[in-house]
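Content type compact mmCIF, C-alpha atoms and all ligand atoms, from the file start-v9.txt:
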# COMPACT_ATOMS: atom_id res chain seq x y z
CA MET A 1 3.10 96.33 -23.55
CA LEU A 2 4.58 93.14 -24.98
CA ASP A 3 2.08 91.36 -27.25
CA ILE A 4 2.76 87.67 -26.59
CA SER A 5 0.69 86.60 -29.62
CA LYS A 6 3.35 88.12 -31.91
CA VAL A 7 6.16 85.98 -30.44
CA LYS A 8 7.24 82.85 -32.31
CA THR A 9 8.47 80.43 -29.64
CA PRO A 10 10.84 79.60 -28.14
CA CYS A 11 12.10 83.16 -27.63
CA TYR A 12 13.71 85.39 -25.02
CA VAL A 13 12.11 88.82 -25.35
CA CYS A 14 13.86 91.80 -23.78
CA GLU A 15 11.55 94.78 -23.38
CA GLU A 16 13.43 97.93 -24.26
CA GLU A 17 11.30 100.17 -22.09
CA LEU A 18 11.83 98.01 -19.00
CA LEU A 19 15.57 97.88 -19.63
CA GLU A 20 15.68 101.65 -20.03
CA ASN A 21 13.74 102.10 -16.78
CA ASN A 22 16.45 100.10 -14.98
CA LEU A 23 19.18 102.12 -16.66
CA LYS A 24 17.51 105.35 -15.56
CA ILE A 25 17.49 104.19 -11.92
CA LEU A 26 21.18 103.27 -12.18
CA ASP A 27 21.97 106.58 -13.84
CA TYR A 28 20.15 108.40 -11.04
CA VAL A 29 22.50 106.67 -8.57
CA GLN A 30 25.48 107.72 -10.69
CA LYS A 31 24.36 111.35 -10.84
CA LYS A 32 23.43 111.69 -7.16
CA SER A 33 26.36 109.74 -5.70
CA GLY A 34 29.12 110.46 -8.20
CA ALA A 35 29.79 106.70 -8.47
CA LYS A 36 30.34 105.12 -11.87
CA ILE A 37 28.27 102.06 -12.74
CA LEU A 38 29.47 99.31 -15.07
CA LEU A 39 27.46 96.45 -16.55
CA ALA A 40 28.86 93.09 -15.41
CA LEU A 41 28.74 91.05 -18.61
CA LYS A 42 28.63 87.79 -16.66
CA GLY A 43 24.96 88.40 -15.90
CA PHE A 44 23.74 90.20 -19.01
CA ALA A 45 25.59 90.26 -22.32
CA MET A 46 22.79 90.88 -24.82
CA TRP A 47 24.94 93.16 -26.94
CA SER A 48 22.16 94.19 -29.32
CA THR A 49 21.04 96.45 -26.44
CA PHE A 50 24.47 97.93 -25.71
CA ASP A 51 23.92 101.18 -27.63
CA LEU A 52 21.11 101.87 -25.18
CA VAL A 53 23.02 100.60 -22.11
CA GLY A 54 26.06 102.70 -23.07
CA LYS A 55 23.94 105.85 -23.11
CA TYR A 56 23.49 105.49 -19.36
CA LEU A 57 26.25 103.35 -17.85
CA ALA A 58 29.98 104.09 -17.67
CA GLY A 59 31.02 100.84 -19.35
CA THR A 60 31.36 97.12 -18.89
CA SER A 61 32.99 94.81 -16.39
CA ALA A 62 34.57 91.71 -17.94
CA SER A 63 35.99 88.47 -16.55
CA GLY A 64 38.53 87.74 -19.26
CA LEU A 65 39.50 88.20 -22.88
CA HIS A 66 36.21 87.42 -24.57
CA GLU A 67 34.05 89.61 -22.37
CA ALA A 68 36.62 92.44 -22.52
CA ARG A 69 36.57 92.25 -26.29
CA LEU A 70 32.77 92.26 -26.36
CA GLY A 71 32.66 95.31 -24.10
CA ARG A 72 35.18 97.12 -26.28
CA GLU A 73 33.56 96.15 -29.59
CA GLU A 74 29.93 96.60 -28.70
CA MET A 75 29.77 99.35 -26.06
CA ASN A 76 33.19 100.96 -26.29
CA ARG A 77 33.02 102.83 -23.02
CA GLU A 78 35.21 101.90 -20.02
CA VAL A 79 36.25 98.24 -19.91
CA HIS A 80 37.30 96.83 -16.53
CA THR A 81 38.67 93.31 -16.55
CA TYR A 82 39.08 91.03 -13.54
CA SER A 83 39.87 87.35 -13.73
CA PRO A 84 40.46 84.77 -11.00
CA ALA A 85 43.69 84.01 -12.90
CA PHE A 86 44.90 85.64 -16.11
CA ILE A 87 46.51 83.53 -18.82
CA GLU A 88 49.99 84.46 -20.02
CA GLU A 89 49.09 84.29 -23.74
CA GLU A 90 46.07 86.57 -23.28
CA ILE A 91 47.30 89.20 -20.87
CA GLU A 92 48.66 91.71 -23.40
CA GLU A 93 45.55 91.67 -25.54
CA ILE A 94 43.41 92.05 -22.42
CA ALA A 95 45.56 95.01 -21.35
CA ARG A 96 45.10 96.73 -24.71
CA LEU A 97 41.33 96.23 -24.56
CA SER A 98 40.91 97.38 -20.94
CA ASP A 99 40.90 100.68 -19.03
CA HIS A 100 41.21 98.90 -15.69
CA ILE A 101 42.69 95.52 -14.91
CA ILE A 102 42.10 93.87 -11.56
CA PHE A 103 44.27 91.04 -10.31
CA ASN A 104 43.12 88.35 -7.94
CA SER A 105 46.37 87.77 -6.02
CA PRO A 106 49.68 89.48 -5.23
CA ASN A 107 51.28 86.70 -7.23
CA GLN A 108 49.37 87.67 -10.38
CA VAL A 109 50.32 91.33 -9.83
CA LYS A 110 53.99 90.41 -9.65
CA ARG A 111 53.80 88.20 -12.72
CA PHE A 112 51.84 90.47 -15.01
CA LEU A 113 52.01 94.12 -13.88
CA LYS A 114 54.94 95.12 -16.06
CA LYS A 115 53.59 93.29 -19.12
CA VAL A 116 50.22 94.98 -18.68
CA LYS A 117 51.70 98.46 -18.34
CA ASP A 118 54.02 97.95 -21.29
CA ALA A 119 51.08 96.87 -23.46
CA ASN A 120 48.87 99.76 -22.30
CA PRO A 121 50.66 102.59 -20.42
CA ALA A 122 47.33 104.32 -19.65
CA ILE A 123 45.84 101.30 -17.85
CA SER A 124 44.78 101.53 -14.22
CA CYS A 125 45.63 98.46 -12.11
CA GLY A 126 44.01 97.12 -8.98
CA LEU A 127 43.73 94.11 -6.68
CA ARG A 128 40.61 92.23 -5.66
CA VAL A 129 40.49 91.68 -1.93
CA ASN A 130 38.29 89.39 0.11
CA PRO A 131 36.64 91.25 2.99
CA GLU A 132 35.71 87.84 4.49
CA GLN A 133 32.25 89.09 5.33
CA SER A 134 29.21 88.22 3.30
CA THR A 135 25.60 87.38 3.83
CA ALA A 136 25.09 85.96 0.35
CA PRO A 137 22.21 83.48 0.46
CA VAL A 138 23.90 80.31 -0.94
CA ASP A 139 27.53 79.20 -0.91
CA LEU A 140 27.45 78.67 -4.68
CA TYR A 141 26.99 82.46 -4.92
CA ASN A 142 29.08 83.51 -1.95
CA PRO A 143 32.50 84.85 -2.98
CA CYS A 144 33.46 85.15 0.71
CA ALA A 145 32.52 81.64 1.80
CA PRO A 146 35.29 79.71 3.61
CA TYR A 147 38.19 78.71 1.32
CA SER A 148 37.04 81.06 -1.44
CA ARG A 149 39.61 81.56 -4.20
CA LEU A 150 38.12 84.95 -5.13
CA GLY A 151 40.11 87.91 -3.85
CA THR A 152 43.09 88.23 -1.53
CA THR A 153 42.47 87.91 2.19
CA LEU A 154 44.22 90.29 4.59
CA LYS A 155 46.44 87.41 5.68
CA ASN A 156 47.68 86.95 2.12
CA PHE A 157 47.82 90.66 1.31
CA ASP A 158 51.23 92.11 0.50
CA PRO A 159 51.40 95.81 1.51
CA ASP A 160 54.41 96.36 -0.76
CA ILE A 161 52.38 95.92 -3.94
CA ILE A 162 49.85 98.60 -3.06
CA GLU A 163 52.40 101.24 -4.15
CA GLU A 164 52.09 99.91 -7.67
CA LEU A 165 48.29 99.92 -7.73
CA ASP A 166 45.55 102.51 -8.30
CA GLY A 167 42.64 100.70 -6.72
CA LEU A 168 41.06 97.93 -4.68
CA HIS A 169 38.08 95.81 -5.64
CA PHE A 170 35.74 93.61 -3.64
CA HIS A 171 32.70 91.60 -4.70
CA ALA A 172 30.78 90.00 -1.86
CA LEU A 173 27.05 90.37 -2.53
CA CYS A 174 24.35 88.46 -4.38
CA GLU A 175 20.87 89.90 -5.00
CA GLN A 176 21.20 92.04 -1.89
CA ASN A 177 20.04 95.36 -0.50
CA VAL A 178 22.16 98.21 0.78
CA ASP A 179 22.27 96.96 4.38
CA ALA A 180 24.38 94.02 3.18
CA LEU A 181 26.71 96.42 1.39
CA GLU A 182 27.10 98.44 4.58
CA GLY A 183 28.19 95.32 6.48
CA VAL A 184 30.71 94.37 3.81
CA LEU A 185 32.01 97.90 3.54
CA GLU A 186 32.64 98.01 7.27
CA ALA A 187 34.62 94.75 7.12
CA PHE A 188 36.50 95.99 4.05
CA GLU A 189 37.47 99.25 5.75
CA ASN A 190 38.43 97.52 8.99
CA LYS A 191 40.78 95.24 7.11
CA PHE A 192 42.08 97.39 4.27
CA GLY A 193 41.17 100.96 5.29
CA GLU A 194 44.77 102.02 5.88
CA TYR A 195 45.61 101.25 2.25
CA ILE A 196 42.72 103.18 0.67
CA THR A 197 44.11 106.68 1.13
CA GLY A 198 46.32 107.36 -1.83
CA LEU A 199 44.35 105.13 -4.20
CA LYS A 200 42.38 106.48 -7.15
CA TRP A 201 39.40 104.16 -6.96
CA VAL A 202 37.56 101.45 -5.08
CA ASN A 203 35.25 99.05 -6.89
CA PHE A 204 32.33 97.75 -4.79
CA GLY A 205 31.68 94.81 -7.17
CA GLY A 206 28.19 93.57 -8.03
CA GLY A 207 25.25 91.88 -6.34
CA HIS A 208 23.57 95.21 -5.62
CA HIS A 209 19.89 94.65 -6.46
CA ILE A 210 19.45 98.36 -7.11
CA THR A 211 16.53 98.11 -9.57
CA ARG A 212 14.41 95.82 -7.38
CA SER A 213 11.34 97.70 -6.12
CA ASP A 214 12.27 97.42 -2.42
CA TYR A 215 15.92 98.45 -2.86
CA ASP A 216 16.86 101.46 -0.72
CA VAL A 217 18.36 103.67 -3.45
CA LYS A 218 18.46 106.72 -1.20
CA ARG A 219 20.54 104.90 1.40
CA LEU A 220 22.93 103.59 -1.28
CA ILE A 221 23.57 107.15 -2.43
CA GLU A 222 24.29 108.20 1.18
CA VAL A 223 26.62 105.23 1.72
CA ILE A 224 28.61 106.09 -1.40
CA LEU A 225 28.76 109.81 -0.58
CA ASN A 226 29.93 109.06 2.96
CA PHE A 227 32.60 106.69 1.69
CA LYS A 228 33.85 109.27 -0.79
CA ARG A 229 33.95 111.86 2.01
CA ARG A 230 36.06 109.58 4.20
CA TYR A 231 38.58 108.96 1.43
CA ASN A 232 39.23 112.28 -0.21
CA ASP A 233 36.55 112.02 -2.91
CA ILE A 234 37.93 108.73 -4.23
CA THR A 235 36.18 107.34 -7.34
CA VAL A 236 33.70 104.56 -6.55
CA TYR A 237 32.64 101.94 -9.09
CA LEU A 238 29.73 99.53 -8.88
CA GLU A 239 29.38 96.68 -11.33
CA PRO A 240 25.95 95.08 -11.13
CA GLY A 241 24.89 92.53 -13.73
CA GLU A 242 21.54 91.25 -12.55
CA ALA A 243 20.23 94.72 -11.63
CA VAL A 244 20.63 95.81 -15.26
CA GLY A 245 18.63 92.95 -16.75
CA TRP A 246 16.29 92.53 -13.75
CA GLN A 247 12.65 91.97 -14.82
CA THR A 248 13.23 93.17 -18.36
CA GLY A 249 11.36 90.40 -20.15
CA PRO A 250 10.27 86.77 -20.39
CA LEU A 251 11.19 83.52 -22.05
CA VAL A 252 8.15 82.59 -24.12
CA ALA A 253 7.48 78.89 -24.69
CA SER A 254 4.73 76.76 -26.21
CA VAL A 255 3.13 73.52 -25.09
CA LEU A 256 4.26 70.67 -27.37
CA ASP A 257 2.39 67.83 -25.71
CA ILE A 258 0.50 66.90 -22.58
CA VAL A 259 1.13 63.52 -20.99
CA HIS A 260 -0.23 61.88 -17.85
CA ASN A 261 1.53 59.82 -15.21
CA GLY A 262 -0.17 60.31 -11.88
CA ILE A 263 -0.25 64.02 -12.70
CA ASP A 264 -0.72 66.08 -15.86
CA ILE A 265 2.58 67.05 -17.45
CA ALA A 266 3.00 69.70 -20.14
CA ILE A 267 6.11 69.29 -22.29
CA LEU A 268 7.32 72.64 -23.57
CA ASP A 269 9.59 73.78 -26.41
CA VAL A 270 12.11 75.14 -23.87
CA SER A 271 14.35 73.40 -21.36
CA ALA A 272 15.01 74.33 -17.72
CA GLU A 273 18.43 72.70 -17.98
CA ALA A 274 19.53 74.32 -21.24
CA HIS A 275 17.66 77.65 -21.28
CA MET A 276 16.87 78.57 -17.65
CA PRO A 277 19.81 76.87 -15.89
CA ASP A 278 19.65 78.93 -12.69
CA THR A 279 16.20 77.54 -11.97
CA LEU A 280 18.00 74.23 -11.39
CA ALA A 281 21.38 75.51 -10.14
CA MET A 282 20.35 78.31 -7.77
CA PRO A 283 17.70 76.86 -7.53
CA TYR A 284 14.59 79.03 -7.79
CA ARG A 285 11.10 78.80 -9.19
CA ALA A 286 10.45 81.03 -12.21
CA GLU A 287 7.13 82.88 -12.18
CA VAL A 288 4.74 81.94 -14.97
CA ARG A 289 2.40 84.64 -16.24
CA GLY A 290 -1.19 84.00 -15.12
CA ALA A 291 -0.30 80.85 -13.18
CA GLY A 292 -0.35 80.02 -9.49
CA LYS A 293 1.28 77.43 -7.27
CA ALA A 294 0.19 73.79 -7.63
CA GLU A 295 -3.52 73.35 -6.75
CA GLU A 296 -4.02 77.09 -6.22
CA LYS A 297 -6.03 77.34 -9.44
CA LYS A 298 -8.29 74.74 -11.00
CA TYR A 299 -5.88 72.98 -13.42
CA THR A 300 -2.44 71.91 -12.21
CA TYR A 301 0.37 70.82 -14.53
CA ARG A 302 4.00 69.94 -14.16
CA LEU A 303 5.83 72.13 -16.68
CA ALA A 304 8.76 70.23 -18.15
CA GLY A 305 11.48 70.66 -20.74
CA ASN A 306 12.08 69.07 -24.11
CA THR A 307 15.41 67.38 -23.34
CA CYS A 308 15.73 63.76 -22.26
CA LEU A 309 17.14 64.72 -18.86
CA ALA A 310 14.68 63.35 -16.30
CA GLY A 311 15.14 66.37 -14.05
CA ASP A 312 14.46 68.92 -16.79
CA ILE A 313 11.46 70.28 -14.92
CA MET A 314 10.40 73.86 -14.23
CA GLY A 315 7.95 72.96 -11.49
CA ASP A 316 4.24 72.46 -10.81
CA TYR A 317 1.93 75.34 -11.71
CA SER A 318 -1.83 75.81 -11.81
CA PHE A 319 -3.98 77.62 -14.36
CA ASP A 320 -7.59 78.84 -14.61
CA GLU A 321 -8.12 77.02 -17.92
CA PRO A 322 -6.77 73.66 -19.08
CA LEU A 323 -3.56 73.90 -21.11
CA LYS A 324 -3.80 72.87 -24.77
CA ILE A 325 -1.14 71.94 -27.28
CA GLY A 326 0.11 75.18 -28.85
CA ASP A 327 -0.72 77.37 -25.82
CA LYS A 328 1.99 79.83 -24.86
CA VAL A 329 3.64 79.65 -21.46
CA VAL A 330 5.44 82.81 -20.37
CA PHE A 331 8.31 82.49 -17.86
CA GLU A 332 8.87 85.89 -16.29
CA ASP A 333 12.20 87.60 -15.79
CA GLN A 334 14.37 85.35 -17.96
CA ILE A 335 16.76 87.92 -19.46
CA HIS A 336 19.65 88.00 -16.93
CA TYR A 337 21.74 84.89 -16.17
CA THR A 338 19.93 82.92 -18.91
CA MET A 339 21.34 83.63 -22.39
CA VAL A 340 24.81 83.98 -20.86
CA LYS A 341 24.59 80.44 -19.43
CA SER A 342 22.37 78.61 -21.90
CA THR A 343 23.64 75.63 -23.86
CA THR A 344 22.75 73.53 -26.90
CA PHE A 345 22.52 70.47 -24.64
CA ASN A 346 20.77 67.52 -26.25
CA GLY A 347 20.59 69.47 -29.52
CA VAL A 348 17.34 71.14 -28.53
CA LYS A 349 16.62 74.37 -30.38
CA HIS A 350 18.03 77.38 -28.60
CA PRO A 351 15.40 80.10 -28.11
CA SER A 352 15.62 83.11 -30.43
CA ILE A 353 16.57 86.45 -28.92
CA ALA A 354 14.27 89.40 -29.55
CA ILE A 355 13.72 92.99 -28.44
CA TRP A 356 10.24 94.39 -27.91
CA THR A 357 10.91 97.98 -28.90
CA LYS A 358 9.47 101.13 -27.40
CA ASP A 359 7.39 101.42 -30.60
CA ASN A 360 5.74 98.09 -29.77
CA GLU A 361 7.49 96.10 -32.43
CA LEU A 362 9.07 92.70 -32.10
CA LYS A 363 12.63 92.77 -33.43
CA VAL A 364 14.13 89.28 -33.60
CA VAL A 365 17.88 89.89 -33.30
CA ARG A 366 19.12 86.30 -33.36
CA GLU A 367 17.81 82.90 -34.37
CA PHE A 368 19.60 79.62 -33.75
CA GLY A 369 19.77 76.42 -35.73
CA TYR A 370 21.64 73.21 -36.33
CA GLU A 371 24.94 74.98 -37.07
CA ASP A 372 25.02 76.49 -33.57
CA PHE A 373 24.73 73.02 -32.09
CA LYS A 374 27.26 71.48 -34.45
CA SER A 375 29.84 74.27 -34.39
CA ARG A 376 30.60 73.97 -30.70
CA LEU A 377 31.27 70.27 -31.00
CA SER A 378 33.59 68.37 -33.23
C1 LIG A 401 29.12 88.23 -10.91
C2 LIG A 401 29.94 89.43 -10.66
C3 LIG A 401 29.36 90.70 -10.74
C4 LIG A 401 27.90 90.91 -11.02
O1 LIG A 401 27.09 90.36 -10.04
P1 LIG A 401 25.49 90.53 -10.07
O2 LIG A 401 25.05 89.65 -8.97
O3 LIG A 401 25.03 90.06 -11.41
O4 LIG A 401 25.21 91.96 -9.86
C5 LIG A 401 30.18 91.79 -10.54
N1 LIG A 401 31.51 91.65 -10.27
C6 LIG A 401 32.09 90.43 -10.19
C7 LIG A 401 33.53 90.34 -9.89
C8 LIG A 401 31.33 89.29 -10.37
O5 LIG A 401 31.91 88.09 -10.28
I'd like the structure from this file rewritten - as structure tokens, please.
Amino acid sequence: MLDISKVKTPCYVCEEELLENNLKILDYVQKKSGAKILLALKGFAMWSTFDLVGKYLAGTSASGLHEARLGREEMNREVHTYSPAFIEEEIEEIARLSDHIIFNSPNQVKRFLKKVKDANPAISCGLRVNPEQSTAPVDLYNPCAPYSRLGTTLKNFDPDIIEELDGLHFHALCEQNVDALEGVLEAFENKFGEYITGLKWVNFGGGHHITRSDYDVKRLIEVILNFKRRYNDITVYLEPGEAVGWQTGPLVASVLDIVHNGIDIAILDVSAEAHMPDTLAMPYRAEVRGAGKAEEKKYTYRLAGNTCLAGDIMGDYSFDEPLKIGDKVVFEDQIHYTMVKSTTFNGVKHPSIAIWTKDNELKVVREFGYEDFKSRLS
């Protein structure tokens, strides 16, 4: 169990045991279904854990040159790279780094296929399609919302290029259970089913919340097995990001000051805007260890960040005891979609990154300072 008193704030702490528990669930799906599971680096790219992740998962899914290189350098298992639009100057290096490359449009296939195969003759090429069916909760996270640029719709699909390709890819889910996948899969097969026979693989994308406690893992295995049966034992890939880092550790903060203006406001040494951006963008309310909703417990505070952005606010929370300067505040589940999106906005100190090992030791793997702020500006 993570000992919060050992953590110097601000700090993201990934708990190795919790991460490994997620990886074991994902590996169980791989073993029972025959599907291969990749880590989508967009959601979780804490590469100090990749030796562990690579013991269980088949590789990484990247969205361009930098993620592909990270996957190759730090995990060195399969690297699958998709980008909404590849860049001419990068495409050959991406091809050399990748086992699979997935294009977003027939146009990109025509432009880059030969270059890619010349650079890496062993590469497997595919096209992302848009099944135009999604129940993703918010449009910001819905790759199949009207006018989406992500994936080729049936209307824009060019059957001639399928001859040149090994696979199809779709990504239509966000934090969803297997029933949502079944709906998308049905739409995908209705639209593109006739092109699947003859392919080597289909990639079901991410957004599968497989490690969440209420996820129907058994049904997912059945859905994959049935799909493989329909298409001559075709290889199925899944590429979850969030499900890998899901509930694997907190962001630990401290109270810097308490001010009063109609309500009590605790200013912390972390920022919602810079360090927990999805709480503002998604938006959602992060759980705080030991705290309740406003007024639920005796002492209510607005928890707020240390930048000068007025809206840098985590929300109103209540506690059993009054907060004091120096008290720790623990935001739960801040490992996925945090470090990958955080910024040095306003020059505030970026939280350190640490691993709480299975031997109950705190291993600080990265600390940040002035140079990190300065070096990305000029
Ligand atoms: C974001 C993304 C993923 C991962 O999604 P999660 O919601 O983190 O599981 C997988 N594939 C593609 C193409 C993505 O854009």
Gly290 of chain A environment, 12 Å, all atoms listed in the file, sequence neighbours closer than 3 positions dropped, as a PyMOL selection string: chain A and resi 287+293+296-297+317-321+323+328-332
So which residues touch Pro143 of chain A within 12 Å, counting only C-alpha atoms, skipping near sequence neighbours fewer than 3 positions away, as a count of residues only? 31
Could you list, as a short mmCIF file (atom, residue, chain, number, x, y, z; two decimals) with C-alpha atoms, in the coordinates of the input, all the residues within 9 Å of ligand LIG 401 (chain A), counting all atoms listed in the file?
data_model
loop_
_atom_site.label_atom_id
_atom_site.label_comp_id
_atom_site.auth_asym_id
_atom_site.auth_seq_id
_atom_site.Cartn_x
_atom_site.Cartn_y
_atom_site.Cartn_z
CA LEU A 38 29.47 99.31 -15.07
CA LEU A 39 27.46 96.45 -16.55
CA ALA A 40 28.86 93.09 -15.41
CA LEU A 41 28.74 91.05 -18.61
CA LYS A 42 28.63 87.79 -16.66
CA GLY A 43 24.96 88.40 -15.90
CA PHE A 44 23.74 90.20 -19.01
CA SER A 61 32.99 94.81 -16.39
CA ALA A 62 34.57 91.71 -17.94
CA SER A 63 35.99 88.47 -16.55
CA THR A 81 38.67 93.31 -16.55
CA TYR A 82 39.08 91.03 -13.54
CA SER A 83 39.87 87.35 -13.73
CA PRO A 84 40.46 84.77 -11.00
CA ARG A 128 40.61 92.23 -5.66
CA TYR A 141 26.99 82.46 -4.92
CA PRO A 143 32.50 84.85 -2.98
CA LEU A 150 38.12 84.95 -5.13
CA HIS A 169 38.08 95.81 -5.64
CA PHE A 170 35.74 93.61 -3.64
CA HIS A 171 32.70 91.60 -4.70
CA ALA A 172 30.78 90.00 -1.86
CA LEU A 173 27.05 90.37 -2.53
CA CYS A 174 24.35 88.46 -4.38
CA GLU A 175 20.87 89.90 -5.00
CA GLN A 176 21.20 92.04 -1.89
CA ASN A 203 35.25 99.05 -6.89
CA PHE A 204 32.33 97.75 -4.79
CA GLY A 205 31.68 94.81 -7.17
CA GLY A 206 28.19 93.57 -8.03
CA GLY A 207 25.25 91.88 -6.34
CA HIS A 208 23.57 95.21 -5.62
CA HIS A 209 19.89 94.65 -6.46
CA LEU A 238 29.73 99.53 -8.88
CA GLU A 239 29.38 96.68 -11.33
CA PRO A 240 25.95 95.08 -11.13
CA GLY A 241 24.89 92.53 -13.73
CA GLU A 242 21.54 91.25 -12.55
CA ALA A 243 20.23 94.72 -11.63
CA VAL A 244 20.63 95.81 -15.26
CA GLY A 245 18.63 92.95 -16.75
CA HIS A 336 19.65 88.00 -16.93
CA TYR A 337 21.74 84.89 -16.17
#
Kindly provide the residues of segment 220-269 of chain A that approach segment 342-364 of chain A to within 10 Å, each paired with its closest atom pair and their distance in Å to one decimal, based on only C-alpha atoms, listed by chain and increasing number, as CSV.
residue,atom,partner,partner_atom,distance
A:Gly249,CA,A:Trp356,CA,8.8
A:Leu251,CA,A:Pro351,CA,8.1
A:Val252,CA,A:Pro351,CA,8.6
A:Ala253,CA,A:Pro351,CA,8.7
A:Asp269,CA,A:Lys349,CA,8.1
For Leu57 of chain A, find every residue with an atom within 9 Å (counting all atoms listed in the file), except residues of its own chain fewer than 5 positions away, and show them as a list in words.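 Result of the neighbour search: Leu23, Leu26, Asp27, Gln30, Lys36, Ile37, Leu38, Leu39 and Arg77 of chain A.
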C-alpha atoms of the current selection, written as a compact mmCIF listing (two decimals), keeping the file's coordinate frame:
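Writing done, so here's again.txt:
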# COMPACT_ATOMS: atom_id res chain seq x y z
CA LEU A 23 19.18 102.12 -16.66
CA LEU A 26 21.18 103.27 -12.18
CA ASP A 27 21.97 106.58 -13.84
CA GLN A 30 25.48 107.72 -10.69
CA LYS A 36 30.34 105.12 -11.87
CA ILE A 37 28.27 102.06 -12.74
CA LEU A 38 29.47 99.31 -15.07
CA LEU A 39 27.46 96.45 -16.55
CA ARG A 77 33.02 102.83 -23.02
A:Gly126, A:Pro10, A:Gly59, A:Gly292 ranked by distance to Asn104 of chain A, top pick (using only C-alpha atoms): A:Gly126
Quick check, in Å to one decimal: how far apart do atom CA of Gly369 of chain A and atom CA of Lys8 of chain A lie?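 That distance, rounded to one decimal, is 14.5 Å.
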What's the 6 Å shell around Asp327 of chain A, counting only C-alpha atoms, without same-chain residues fewer than 3 positions away, as a PyMOL selection string? chain A and resi 254-255+324
Between atom CA of Pro121 of chain A and atom CA of Gly71 of chain A, what is the distance in Å, rounded to a tenth? 19.8 Å
Quick check, in Å to one decimal: how far apart do atom CA of Thr60 of chain A and atom CA of Lys117 of chain A lie?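 Value for the atom CA of Thr60 of chain A-atom CA of Lys117 of chain A distance: 20.4 Å.
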Ranking A:Glu194, A:Asp179, A:Asp257, A:Glu273 by minimum distance to Glu222 of chain A and counting all atoms listed in the file, which one comes first?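 Going through A:Glu194, A:Asp179, A:Asp257, A:Glu273 one by one, the smallest distance to Glu222 of chain A is for A:Asp179.
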Which residues, written as a PyMOL selection string, have at least one atom at most 8 Å from Arg285 of chain A, with all atoms listed in the file counted and residues fewer than 5 positions away on the same chain left out? chain A and resi 279+314-315
For Val236 of chain A, the closest of A:Val202, A:Ser124, A:Tyr56, A:His275 counting only C-alpha atoms is A:Val202
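Distance check against Val79 of chain A using only C-alpha atoms: of A:Ile94, A:Ile210, A:Val288, A:Ile4, the minimum falls on A:Ile94.
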Protein and nucleic acid residues near (13.5, 73.7, -23.7) (cut-off 6 Å, all atoms listed in the file) as a PyMOL selection string: chain A and resi 269-271+305-306
With all atoms listed in the file as the atoms that count, which of A:Val109, A:Ala294, A:Leu18, A:Leu97 lies nearest to Ala122 of chain A?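 For Ala122 of chain A, the nearest of the candidates is A:Leu97.
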